[in-house]
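Data block for input.cif (mmCIF, C-alpha atoms):
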data_data
loop_
_atom_site.group_PDB
_atom_site.id
_atom_site.type_symbol
_atom_site.label_atom_id
_atom_site.label_comp_id
_atom_site.auth_asym_id
_atom_site.auth_seq_id
_atom_site.Cartn_x
_atom_site.Cartn_y
_atom_site.Cartn_z
ATOM 1 C CA MET A 1 49.474 100.326 156.614
ATOM 2 C CA ASN A 2 48.264 99.692 153.075
ATOM 3 C CA LYS A 3 50.843 97.412 151.483
ATOM 4 C CA GLN A 4 50.398 99.266 148.195
ATOM 5 C CA ASP A 5 51.302 102.595 149.791
ATOM 6 C CA ASN A 6 54.997 102.477 148.975
ATOM 7 C CA LEU A 7 57.692 105.119 149.108
ATOM 8 C CA LEU A 8 59.074 105.601 145.598
ATOM 9 C CA ILE A 9 62.601 106.949 145.237
ATOM 10 C CA ALA A 10 64.548 106.824 141.971
ATOM 11 C CA ASN A 11 61.989 104.366 140.559
ATOM 12 C CA LYS A 12 62.432 101.887 143.413
ATOM 13 C CA LYS A 13 59.672 101.047 145.882
ATOM 14 C CA TYR A 14 60.114 100.773 149.642
ATOM 15 C CA SER A 15 57.473 99.627 152.100
ATOM 16 C CA SER A 16 59.042 101.573 155.003
ATOM 17 C CA ARG A 17 58.952 105.366 155.030
ATOM 18 C CA LEU A 18 61.508 105.559 157.847
ATOM 19 C CA ILE A 19 65.189 105.963 156.968
ATOM 20 C CA VAL A 20 67.672 105.617 159.807
ATOM 21 C CA GLY A 21 71.298 106.494 160.297
ATOM 22 C CA THR A 22 73.969 104.104 161.490
ATOM 23 C CA GLY A 23 76.195 106.438 163.512
ATOM 24 C CA LYS A 24 76.338 107.516 167.160
ATOM 25 C CA TYR A 25 75.474 104.113 168.659
ATOM 26 C CA LYS A 26 77.732 102.577 171.274
ATOM 27 C CA ASN A 27 78.734 99.747 168.922
ATOM 28 C CA PHE A 28 77.763 97.992 165.696
ATOM 29 C CA GLU A 29 75.737 95.367 167.561
ATOM 30 C CA GLN A 30 73.437 98.032 169.017
ATOM 31 C CA THR A 31 73.248 99.639 165.585
ATOM 32 C CA LYS A 32 72.105 96.337 164.118
ATOM 33 C CA LEU A 33 69.398 95.776 166.745
ATOM 34 C CA ALA A 34 68.014 99.312 166.426
ATOM 35 C CA VAL A 35 67.938 99.207 162.631
ATOM 36 C CA GLN A 36 66.179 95.849 162.686
ATOM 37 C CA GLU A 37 63.564 97.122 165.143
ATOM 38 C CA SER A 38 62.959 100.253 163.056
ATOM 39 C CA GLY A 39 61.895 98.253 160.028
ATOM 40 C CA ALA A 40 63.900 100.628 157.816
ATOM 41 C CA GLU A 41 64.943 99.396 154.392
ATOM 42 C CA ILE A 42 67.222 102.357 153.601
ATOM 43 C CA ILE A 43 70.058 103.086 156.021
ATOM 44 C CA THR A 44 72.483 105.990 155.825
ATOM 45 C CA VAL A 45 76.235 105.633 156.158
ATOM 46 C CA ALA A 46 78.591 108.542 156.807
ATOM 47 C CA ILE A 47 81.475 107.600 154.518
ATOM 48 C CA ARG A 48 83.959 109.774 156.400
ATOM 49 C CA ARG A 49 83.089 108.260 159.781
ATOM 50 C CA THR A 50 81.936 104.686 159.240
ATOM 51 C CA ASN A 51 83.978 101.812 157.863
ATOM 52 C CA ILE A 52 82.327 99.942 154.994
ATOM 53 C CA GLY A 53 85.544 98.494 153.647
ATOM 54 C CA GLN A 54 87.845 101.466 153.206
ATOM 55 C CA ASN A 55 89.656 100.700 156.492
ATOM 56 C CA LYS A 56 90.774 97.071 156.344
ATOM 57 C CA ASN A 57 91.830 96.808 159.984
ATOM 58 C CA GLU A 58 88.540 98.011 161.519
ATOM 59 C CA GLN A 59 85.171 96.389 162.086
ATOM 60 C CA ASN A 60 83.018 96.682 158.982
ATOM 61 C CA LEU A 61 79.422 97.886 159.313
ATOM 62 C CA LEU A 62 78.445 95.610 156.431
ATOM 63 C CA ASP A 63 79.255 92.564 158.573
ATOM 64 C CA PHE A 64 76.361 93.574 160.820
ATOM 65 C CA LEU A 65 74.025 95.143 158.260
ATOM 66 C CA PRO A 66 74.725 93.337 154.981
ATOM 67 C CA LYS A 67 74.145 95.134 151.725
ATOM 68 C CA SER A 68 71.929 92.252 150.591
ATOM 69 C CA ASN A 69 69.366 93.184 153.270
ATOM 70 C CA TYR A 70 69.353 96.985 152.973
ATOM 71 C CA THR A 71 69.695 99.836 150.547
ATOM 72 C CA LEU A 72 72.778 101.683 151.740
ATOM 73 C CA LEU A 73 72.569 105.441 151.411
ATOM 74 C CA PRO A 74 76.081 106.913 151.644
ATOM 75 C CA ASN A 75 76.085 110.496 152.871
ATOM 76 C CA THR A 76 78.574 113.317 152.978
ATOM 77 C CA ALA A 77 78.338 114.190 156.678
ATOM 78 C CA GLY A 78 81.321 116.327 157.618
ATOM 79 C CA CYS A 79 81.737 117.907 154.172
ATOM 80 C CA PHE A 80 81.836 121.717 153.981
ATOM 81 C CA THR A 81 82.540 122.205 150.278
ATOM 82 C CA SER A 82 80.983 120.867 147.118
ATOM 83 C CA ASN A 83 84.346 119.423 146.048
ATOM 84 C CA ASP A 84 84.707 117.391 149.252
ATOM 85 C CA ALA A 85 81.149 116.110 148.966
ATOM 86 C CA ILE A 86 81.573 115.092 145.332
ATOM 87 C CA ARG A 87 84.870 113.334 146.037
ATOM 88 C CA THR A 88 83.312 111.468 148.996
ATOM 89 C CA LEU A 89 80.380 110.197 146.956
ATOM 90 C CA ARG A 90 82.605 109.076 144.111
ATOM 91 C CA LEU A 91 84.517 106.975 146.657
ATOM 92 C CA ALA A 92 81.245 105.624 148.040
ATOM 93 C CA ARG A 93 80.127 104.503 144.598
ATOM 94 C CA GLU A 94 83.370 102.559 144.206
ATOM 95 C CA LEU A 95 83.015 100.934 147.626
ATOM 96 C CA LEU A 96 79.381 99.981 146.972
ATOM 97 C CA ASP A 97 79.954 98.466 143.531
ATOM 98 C CA GLY A 98 78.473 101.263 141.475
ATOM 99 C CA ASP A 99 75.342 102.097 143.480
ATOM 100 C CA ASN A 100 74.117 105.559 142.546
ATOM 101 C CA LEU A 101 71.656 106.442 145.339
ATOM 102 C CA VAL A 102 73.338 108.957 147.660
ATOM 103 C CA LYS A 103 72.527 111.570 150.260
ATOM 104 C CA LEU A 104 74.212 114.907 149.718
ATOM 105 C CA GLU A 105 74.824 117.282 152.583
ATOM 106 C CA VAL A 106 77.184 120.238 152.349
ATOM 107 C CA LEU A 107 77.408 122.028 155.664
ATOM 108 C CA ALA A 108 77.893 125.740 156.314
ATOM 109 C CA ASP A 109 79.654 125.625 159.687
ATOM 110 C CA GLN A 110 80.645 123.349 162.560
ATOM 111 C CA ASP A 111 78.341 124.951 165.124
ATOM 112 C CA THR A 112 74.924 124.736 163.455
ATOM 113 C CA LEU A 113 75.559 122.148 160.711
ATOM 114 C CA PHE A 114 73.146 124.230 158.643
ATOM 115 C CA PRO A 115 73.095 123.500 154.884
ATOM 116 C CA ASN A 116 75.323 125.598 152.647
ATOM 117 C CA MET A 117 72.866 125.982 149.791
ATOM 118 C CA PRO A 118 75.128 127.541 147.112
ATOM 119 C CA GLU A 119 77.606 124.685 147.531
ATOM 120 C CA THR A 120 74.762 122.167 147.747
ATOM 121 C CA LEU A 121 73.258 123.366 144.460
ATOM 122 C CA LYS A 122 76.660 123.218 142.779
ATOM 123 C CA ALA A 123 77.320 119.675 143.982
ATOM 124 C CA THR A 124 73.838 118.500 143.026
ATOM 125 C CA SER A 125 74.261 119.713 139.460
ATOM 126 C CA ILE A 126 77.598 117.926 139.026
ATOM 127 C CA LEU A 127 76.516 114.675 140.709
ATOM 128 C CA VAL A 128 73.324 114.400 138.661
ATOM 129 C CA LYS A 129 75.360 114.810 135.459
ATOM 130 C CA GLU A 130 77.596 111.962 136.663
ATOM 131 C CA GLY A 131 74.615 109.646 137.018
ATOM 132 C CA PHE A 132 74.049 109.826 140.772
ATOM 133 C CA ASN A 133 70.532 109.671 142.204
ATOM 134 C CA VAL A 134 70.833 112.492 144.707
ATOM 135 C CA MET A 135 68.728 112.923 147.832
ATOM 136 C CA VAL A 136 69.553 116.367 149.174
ATOM 137 C CA TYR A 137 69.718 117.707 152.733
ATOM 138 C CA CYS A 138 68.595 121.310 152.419
ATOM 139 C CA THR A 139 66.952 124.312 154.031
ATOM 140 C CA ASP A 140 63.187 124.413 154.494
ATOM 141 C CA ASP A 141 62.957 126.933 151.659
ATOM 142 C CA PRO A 142 60.402 126.064 148.951
ATOM 143 C CA ILE A 143 62.312 128.066 146.332
ATOM 144 C CA GLN A 144 65.582 126.212 146.972
ATOM 145 C CA CYS A 145 63.717 122.895 146.924
ATOM 146 C CA HIS A 146 62.162 123.765 143.578
ATOM 147 C CA ILE A 147 65.625 124.568 142.173
ATOM 148 C CA LEU A 148 66.912 121.200 143.435
ATOM 149 C CA GLU A 149 64.017 119.474 141.698
ATOM 150 C CA ASP A 150 64.859 121.282 138.456
ATOM 151 C CA LEU A 151 68.509 120.228 138.804
ATOM 152 C CA GLY A 152 67.448 116.581 138.890
ATOM 153 C CA ALA A 153 67.479 115.630 142.585
ATOM 154 C CA VAL A 154 65.402 112.510 143.293
ATOM 155 C CA ALA A 155 64.295 113.772 146.720
ATOM 156 C CA VAL A 156 64.646 116.832 148.924
ATOM 157 C CA MET A 157 65.263 116.511 152.641
ATOM 158 C CA PRO A 158 64.578 119.800 154.409
ATOM 159 C CA LEU A 159 65.679 120.079 158.009
ATOM 160 C CA ALA A 160 62.979 120.184 160.677
ATOM 161 C CA SER A 161 65.456 121.925 162.968
ATOM 162 C CA LEU A 162 69.223 121.773 163.482
ATOM 163 C CA ILE A 163 70.970 118.413 163.232
ATOM 164 C CA GLY A 164 71.035 116.691 166.605
ATOM 165 C CA SER A 165 68.903 119.354 168.296
ATOM 166 C CA GLY A 166 65.801 117.222 168.873
ATOM 167 C CA MET A 167 63.694 120.378 168.562
ATOM 168 C CA GLY A 168 61.164 118.886 166.158
ATOM 169 C CA ILE A 169 59.542 120.720 163.253
ATOM 170 C CA LEU A 170 59.976 124.428 163.913
ATOM 171 C CA ASN A 171 58.386 125.677 160.691
ATOM 172 C CA PRO A 172 55.584 123.332 159.558
ATOM 173 C CA TRP A 173 54.226 126.009 157.203
ATOM 174 C CA ASN A 174 57.382 125.973 155.079
ATOM 175 C CA ILE A 175 57.392 122.181 155.005
ATOM 176 C CA LYS A 176 53.792 122.197 153.758
ATOM 177 C CA LEU A 177 54.679 124.763 151.080
ATOM 178 C CA ILE A 178 57.464 122.493 149.857
ATOM 179 C CA ILE A 179 55.171 119.473 149.765
ATOM 180 C CA ASP A 180 52.533 121.398 147.830
ATOM 181 C CA ARG A 181 54.945 122.863 145.255
ATOM 182 C CA ILE A 182 57.237 120.051 144.150
ATOM 183 C CA LYS A 183 56.628 116.600 142.716
ATOM 184 C CA ILE A 184 59.645 114.656 143.962
ATOM 185 C CA PRO A 185 59.574 113.049 147.439
ATOM 186 C CA VAL A 186 59.945 115.309 150.475
ATOM 187 C CA LEU A 187 61.499 113.729 153.563
ATOM 188 C CA ILE A 188 62.176 115.435 156.868
ATOM 189 C CA ASP A 189 65.845 115.258 157.801
ATOM 190 C CA ALA A 190 67.396 116.536 161.041
ATOM 191 C CA GLY A 191 65.819 117.757 164.246
ATOM 192 C CA VAL A 192 63.446 114.906 165.082
ATOM 193 C CA GLY A 193 63.595 114.265 168.819
ATOM 194 C CA THR A 194 60.805 111.843 169.633
ATOM 195 C CA ALA A 195 58.007 109.836 168.086
ATOM 196 C CA SER A 196 55.458 112.662 167.972
ATOM 197 C CA ASP A 197 57.825 114.710 165.770
ATOM 198 C CA ALA A 198 57.873 111.915 163.217
ATOM 199 C CA THR A 199 54.100 111.597 163.329
ATOM 200 C CA ILE A 200 53.634 115.325 162.718
ATOM 201 C CA ALA A 201 55.962 115.181 159.721
ATOM 202 C CA MET A 202 53.925 112.384 158.186
ATOM 203 C CA GLU A 203 50.596 114.064 158.995
ATOM 204 C CA LEU A 204 51.810 117.133 157.089
ATOM 205 C CA GLY A 205 52.181 114.926 154.028
ATOM 206 C CA CYS A 206 55.906 114.216 154.026
ATOM 207 C CA ASP A 207 56.887 111.122 152.091
ATOM 208 C CA GLY A 208 59.197 109.929 154.825
ATOM 209 C CA VAL A 209 61.473 110.790 157.724
ATOM 210 C CA LEU A 210 65.213 110.333 158.185
ATOM 211 C CA MET A 211 66.706 110.265 161.662
ATOM 212 C CA ASN A 212 69.735 109.148 163.615
ATOM 213 C CA SER A 213 70.289 111.060 166.868
ATOM 214 C CA ALA A 214 66.693 110.644 168.075
ATOM 215 C CA ILE A 215 67.179 106.885 168.140
ATOM 216 C CA ALA A 216 70.888 106.537 168.919
ATOM 217 C CA TYR A 217 70.825 109.005 171.836
ATOM 218 C CA ALA A 218 67.659 107.648 173.455
ATOM 219 C CA ASN A 219 68.043 105.890 176.789
ATOM 220 C CA ASN A 220 66.853 102.740 175.044
ATOM 221 C CA PRO A 221 67.715 103.066 171.347
ATOM 222 C CA VAL A 222 66.148 99.762 170.321
ATOM 223 C CA LEU A 223 62.814 100.611 171.945
ATOM 224 C CA MET A 224 62.916 104.116 170.465
ATOM 225 C CA ALA A 225 63.505 102.602 167.025
ATOM 226 C CA LYS A 226 60.296 100.611 167.459
ATOM 227 C CA ALA A 227 58.451 103.751 168.573
ATOM 228 C CA MET A 228 59.661 105.648 165.498
ATOM 229 C CA LYS A 229 58.493 102.869 163.202
ATOM 230 C CA GLN A 230 55.034 103.025 164.745
ATOM 231 C CA ALA A 231 55.005 106.836 164.693
ATOM 232 C CA VAL A 232 55.781 107.043 160.994
ATOM 233 C CA GLN A 233 53.122 104.459 160.189
ATOM 234 C CA SER A 234 50.561 106.209 162.400
ATOM 235 C CA GLY A 235 51.233 109.619 160.878
ATOM 236 C CA ARG A 236 51.019 108.258 157.347
ATOM 237 C CA ASN A 237 47.708 106.538 158.087
ATOM 238 C CA ALA A 238 46.311 109.740 159.602
ATOM 239 C CA TYR A 239 47.396 111.710 156.518
ATOM 240 C CA LEU A 240 45.749 109.214 154.176
ATOM 241 C CA ALA A 241 42.598 109.115 156.308
ATOM 242 C CA GLY A 242 42.243 112.916 156.273
ATOM 243 C CA ARG A 243 41.693 114.731 159.549
ATOM 244 C CA MET A 244 38.497 116.532 160.474
ATOM 245 C CA ALA A 245 38.389 120.268 159.831
ATOM 246 C CA LYS A 246 39.499 122.492 162.690
ATOM 247 C CA LYS A 247 36.876 124.814 164.183
ATOM 248 C CA ASN A 248 37.023 127.615 166.730
ATOM 249 C CA TYR A 249 33.921 126.116 168.316
ATOM 250 C CA SER A 250 31.391 123.434 167.454
ATOM 251 C CA GLY A 251 27.661 123.281 168.099
ATOM 252 C CA ILE A 252 27.460 119.741 166.779
ATOM 253 C CA ALA A 253 27.446 117.047 169.437
ATOM 254 C CA SER A 254 29.541 113.978 168.776
ATOM 255 C CA SER A 255 26.374 111.952 169.491
ATOM 256 C CA PRO A 256 23.049 113.311 168.073
ATOM 257 C CA ILE A 257 20.304 114.139 170.604
ATOM 258 C CA ASP A 258 17.341 114.285 168.210
ATOM 259 C CA GLY A 259 14.655 111.866 169.264
ATOM 260 C CA LEU A 260 16.021 111.295 172.762
ATOM 261 C CA ILE A 261 13.795 111.631 175.838
ATOM 262 C CA ASN A 262 13.722 115.236 177.139
ATOM 263 C CA SER A 263 15.690 116.424 174.146
ATOM 264 C CA SER A 264 13.544 119.552 173.653
ATOM 265 C CA TYR A 265 14.980 122.663 175.190
ATOM 266 C CA SER A 266 13.476 126.103 175.679
ATOM 267 C CA LEU A 267 15.350 129.321 176.295
#
Could you write out this file's structure as structure tokens?
Amino acid sequence: MNKQDNLLIANKKYSSRLIVGTGKYKNFEQTKLAVQESGAEIITVAIRRTNIGQNKNEQNLLDFLPKSNYTLLPNTAGCFTSNDAIRTLRLARELLDGDNLVKLEVLADQDTLFPNMPETLKATSILVKEGFNVMVYCTDDPIQCHILEDLGAVAVMPLASLIGSGMGILNPWNIKLIIDRIKIPVLIDAGVGTASDATIAMELGCDGVLMNSAIAYANNPVLMAKAMKQAVQSGRNAYLAGRMAKKNYSGIASSPIDGLINSSYSL
């Protein structure tokens, strides 16, 4: 990949366009190995589920993935109201010595974990005013994404499909509409199941991909992390290269026949 082709979020450059979660692994050691293999520079932390210092008697994730080596992205997984999400991210900022980059997700229900957009918009507005750089988990609705941009979000993260479903990108047309209509980074979040899903996201023109379950629930999470790294890079390269136009049929041979022996045909 071109070393100059960086992901830019909140005025900071990252060479990796893959963001990975740190939950759902069998232990912190496996988390560490998978994250290292992924090449990710930004890692998400569910403040309500993962200890980064708030629980003194438990293992601390930061002992395995030190803050000096990664950009930690605290998220509000498990929050169903704007108030809970805001309170969680205020705590995260205290725990992480004033870091402002956060991932906001306000969920609608326990079954689907679909975004609650009214509450998400409300929380985004308040957090931005408090100085947070907010990356927002949201629906794949170009209108909602445009509103989030206007509110001051630094990135939108539409779901490809339901969290943990592994169903891949169910509505690529909406994702492309979002990419074409807003200027802030667009990253796929939720629903990636395997490497080809990540490649498709990048070929569409997404700025990056965030995933957790697809790696953590693989039979071999560390190997899957490597595959996802390669998939994101491959998809980005294909997007930059520009694919050939699709045709219903083609009368143009991949190798020209002009000038070859017996290349004249009569009907």
Review point. For Leu18 of chain A, which of A:Arg93, A:Arg48, A:Lys183, A:Arg236 is the closest residue, counting all atoms listed in the file?
Key: A:Arg236
Review point. Using only C-alpha atoms, which residues sit within 10 Å of segment 134-146 of chain A once same-chain residues fewer than 6 positions away are excluded, as a PyMOL selection string?
Key: chain A and resi 9-10+73+75-76+100-107+114-118+120-121+123-125+127-128+152-161+170-190
Practice item. For atom CA of Gly193 of chain A and atom CA of Gly168 of chain A, quote the distance in Å rounded to one decimal. Key: 5.9 Å
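Between atom CA of Ala85 of chain A and atom CA of Phe132 of chain A lies a distance of 12.5 Å.
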Evaluate the PyMOL selection byres ((chain A and resi 217) around 12) and report residues as an mmCIF file with C-alpha atoms, in the frame of the given file:
data_model
loop_
_atom_site.group_PDB
_atom_site.id
_atom_site.type_symbol
_atom_site.label_atom_id
_atom_site.label_comp_id
_atom_site.auth_asym_id
_atom_site.auth_seq_id
_atom_site.Cartn_x
_atom_site.Cartn_y
_atom_site.Cartn_z
ATOM 1 C CA GLY A 21 71.298 106.494 160.297
ATOM 2 C CA THR A 22 73.969 104.104 161.490
ATOM 3 C CA GLY A 23 76.195 106.438 163.512
ATOM 4 C CA LYS A 24 76.338 107.516 167.160
ATOM 5 C CA TYR A 25 75.474 104.113 168.659
ATOM 6 C CA LYS A 26 77.732 102.577 171.274
ATOM 7 C CA GLN A 30 73.437 98.032 169.017
ATOM 8 C CA THR A 31 73.248 99.639 165.585
ATOM 9 C CA ALA A 34 68.014 99.312 166.426
ATOM 10 C CA GLY A 164 71.035 116.691 166.605
ATOM 11 C CA SER A 165 68.903 119.354 168.296
ATOM 12 C CA GLY A 166 65.801 117.222 168.873
ATOM 13 C CA VAL A 192 63.446 114.906 165.082
ATOM 14 C CA GLY A 193 63.595 114.265 168.819
ATOM 15 C CA THR A 194 60.805 111.843 169.633
ATOM 16 C CA MET A 211 66.706 110.265 161.662
ATOM 17 C CA ASN A 212 69.735 109.148 163.615
ATOM 18 C CA SER A 213 70.289 111.060 166.868
ATOM 19 C CA ALA A 214 66.693 110.644 168.075
ATOM 20 C CA ILE A 215 67.179 106.885 168.140
ATOM 21 C CA ALA A 216 70.888 106.537 168.919
ATOM 22 C CA ALA A 218 67.659 107.648 173.455
ATOM 23 C CA ASN A 219 68.043 105.890 176.789
ATOM 24 C CA ASN A 220 66.853 102.740 175.044
ATOM 25 C CA PRO A 221 67.715 103.066 171.347
ATOM 26 C CA VAL A 222 66.148 99.762 170.321
ATOM 27 C CA LEU A 223 62.814 100.611 171.945
ATOM 28 C CA MET A 224 62.916 104.116 170.465
ATOM 29 C CA ALA A 225 63.505 102.602 167.025
#
Review point. Written as a PyMOL selection string, which residues does the PyMOL selection byres ((chain A and resi 64) around 8) give for the file shown?
Key: chain A and resi 28-29+32+60-63+65-66
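Taking all atoms listed in the file into account, Val35 of chain A lies nearest to A:Asn69 out of the set A:Asn57, A:Asn69, A:Thr112, A:Ser15.
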Review point. Hey, which of A:Arg243, A:Lys67, A:Lys12, A:Arg87 ends up closest to Asn133 of chain A? Count all atoms listed in the file.
Key: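 With all atoms listed in the file as the atom set, the closest residue is A:Lys12.
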**Study point:** Between atom CA of Leu95 of chain A and atom CA of Leu210 of chain A, distance in Å (one decimal)
**Key:** 22.7 Å
Practice item. Please provide as number ranges by chain all residues within 9 Å of Ser234 of chain A, with the sequence filter that same-chain residues fewer than 5 positions apart are discarded (counting only C-alpha atoms). Key: A: 1, 199, 202-203, 229, 239
Point to revise | Nearest to Met228 of chain A, chosen from A:Cys206, A:Leu96, A:Ile19, A:Leu8, with only C-alpha atoms counted in the distances | key: A:Ile19
Point to revise | Selected residue of minimal separation from Asp99 of chain A among A:Cys79, A:Ile86, A:Arg17, A:Thr71, counting all atoms listed in the file | key: A:Thr71
Listed atoms of segment 71-85 of chain A, axis-aligned box, 3 Å per side: centre and edge lengths to one decimal in Å, as lines of an AutoDock Vina configuration file?
center_x = 77.2
center_y = 111.0
center_z = 151.8
size_x = 21.0
size_y = 28.4
size_z = 17.6
Check your understanding: Which is closer to Asp84 of chain A than all the others in A:Glu58, A:Glu119, A:Asp97, A:Glu130, using all atoms listed in the file?
Key ->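 Answer, going by the shortest atom-to-atom distance: A:Glu119.
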Would you mind writing segment 190-204 of chain A with N, CA and C atoms, as a PDB file, keeping the file's coordinate frame?
ATOM      1  N   ALA A 190      66.772 115.747 159.973  1.00  0.00           N
ATOM      2  CA  ALA A 190      67.396 116.536 161.041  1.00  0.00           C
ATOM      3  C   ALA A 190      66.372 117.186 161.949  1.00  0.00           C
ATOM      4  N   GLY A 191      66.618 117.056 163.254  1.00  0.00           N
ATOM      5  CA  GLY A 191      65.819 117.757 164.246  1.00  0.00           C
ATOM      6  C   GLY A 191      64.759 116.939 164.945  1.00  0.00           C
ATOM      7  N   VAL A 192      64.445 115.749 164.423  1.00  0.00           N
ATOM      8  CA  VAL A 192      63.446 114.906 165.082  1.00  0.00           C
ATOM      9  C   VAL A 192      63.995 114.481 166.445  1.00  0.00           C
ATOM     10  N   GLY A 193      63.148 114.608 167.477  1.00  0.00           N
ATOM     11  CA  GLY A 193      63.595 114.265 168.819  1.00  0.00           C
ATOM     12  C   GLY A 193      62.868 113.090 169.431  1.00  0.00           C
ATOM     13  N   THR A 194      61.588 112.931 169.066  1.00  0.00           N
ATOM     14  CA  THR A 194      60.805 111.843 169.633  1.00  0.00           C
ATOM     15  C   THR A 194      59.716 111.438 168.649  1.00  0.00           C
ATOM     16  N   ALA A 195      58.949 110.445 169.023  1.00  0.00           N
ATOM     17  CA  ALA A 195      58.007 109.836 168.086  1.00  0.00           C
ATOM     18  C   ALA A 195      56.961 110.821 167.565  1.00  0.00           C
ATOM     19  N   SER A 196      56.492 111.719 168.406  1.00  0.00           N
ATOM     20  CA  SER A 196      55.458 112.662 167.972  1.00  0.00           C
ATOM     21  C   SER A 196      55.967 113.578 166.860  1.00  0.00           C
ATOM     22  N   ASP A 197      57.255 113.892 166.848  1.00  0.00           N
ATOM     23  CA  ASP A 197      57.825 114.710 165.770  1.00  0.00           C
ATOM     24  C   ASP A 197      57.705 113.990 164.428  1.00  0.00           C
ATOM     25  N   ALA A 198      57.979 112.699 164.442  1.00  0.00           N
ATOM     26  CA  ALA A 198      57.873 111.915 163.217  1.00  0.00           C
ATOM     27  C   ALA A 198      56.430 111.828 162.749  1.00  0.00           C
ATOM     28  N   THR A 199      55.517 111.671 163.687  1.00  0.00           N
ATOM     29  CA  THR A 199      54.100 111.597 163.329  1.00  0.00           C
ATOM     30  C   THR A 199      53.632 112.899 162.696  1.00  0.00           C
ATOM     31  N   ILE A 200      54.023 114.022 163.272  1.00  0.00           N
ATOM     32  CA  ILE A 200      53.634 115.325 162.718  1.00  0.00           C
ATOM     33  C   ILE A 200      54.156 115.487 161.297  1.00  0.00           C
ATOM     34  N   ALA A 201      55.390 115.087 161.068  1.00  0.00           N
ATOM     35  CA  ALA A 201      55.962 115.181 159.721  1.00  0.00           C
ATOM     36  C   ALA A 201      55.114 114.406 158.725  1.00  0.00           C
ATOM     37  N   MET A 202      54.714 113.211 159.089  1.00  0.00           N
ATOM     38  CA  MET A 202      53.925 112.384 158.186  1.00  0.00           C
ATOM     39  C   MET A 202      52.504 112.925 158.017  1.00  0.00           C
ATOM     40  N   GLU A 203      51.939 113.481 159.090  1.00  0.00           N
ATOM     41  CA  GLU A 203      50.596 114.064 158.995  1.00  0.00           C
ATOM     42  C   GLU A 203      50.587 115.289 158.081  1.00  0.00           C
ATOM     43  N   LEU A 204      51.703 115.993 158.000  1.00  0.00           N
ATOM     44  CA  LEU A 204      51.810 117.133 157.089  1.00  0.00           C
ATOM     45  C   LEU A 204      51.788 116.699 155.629  1.00  0.00           C
TER      46      LEU A 204
END
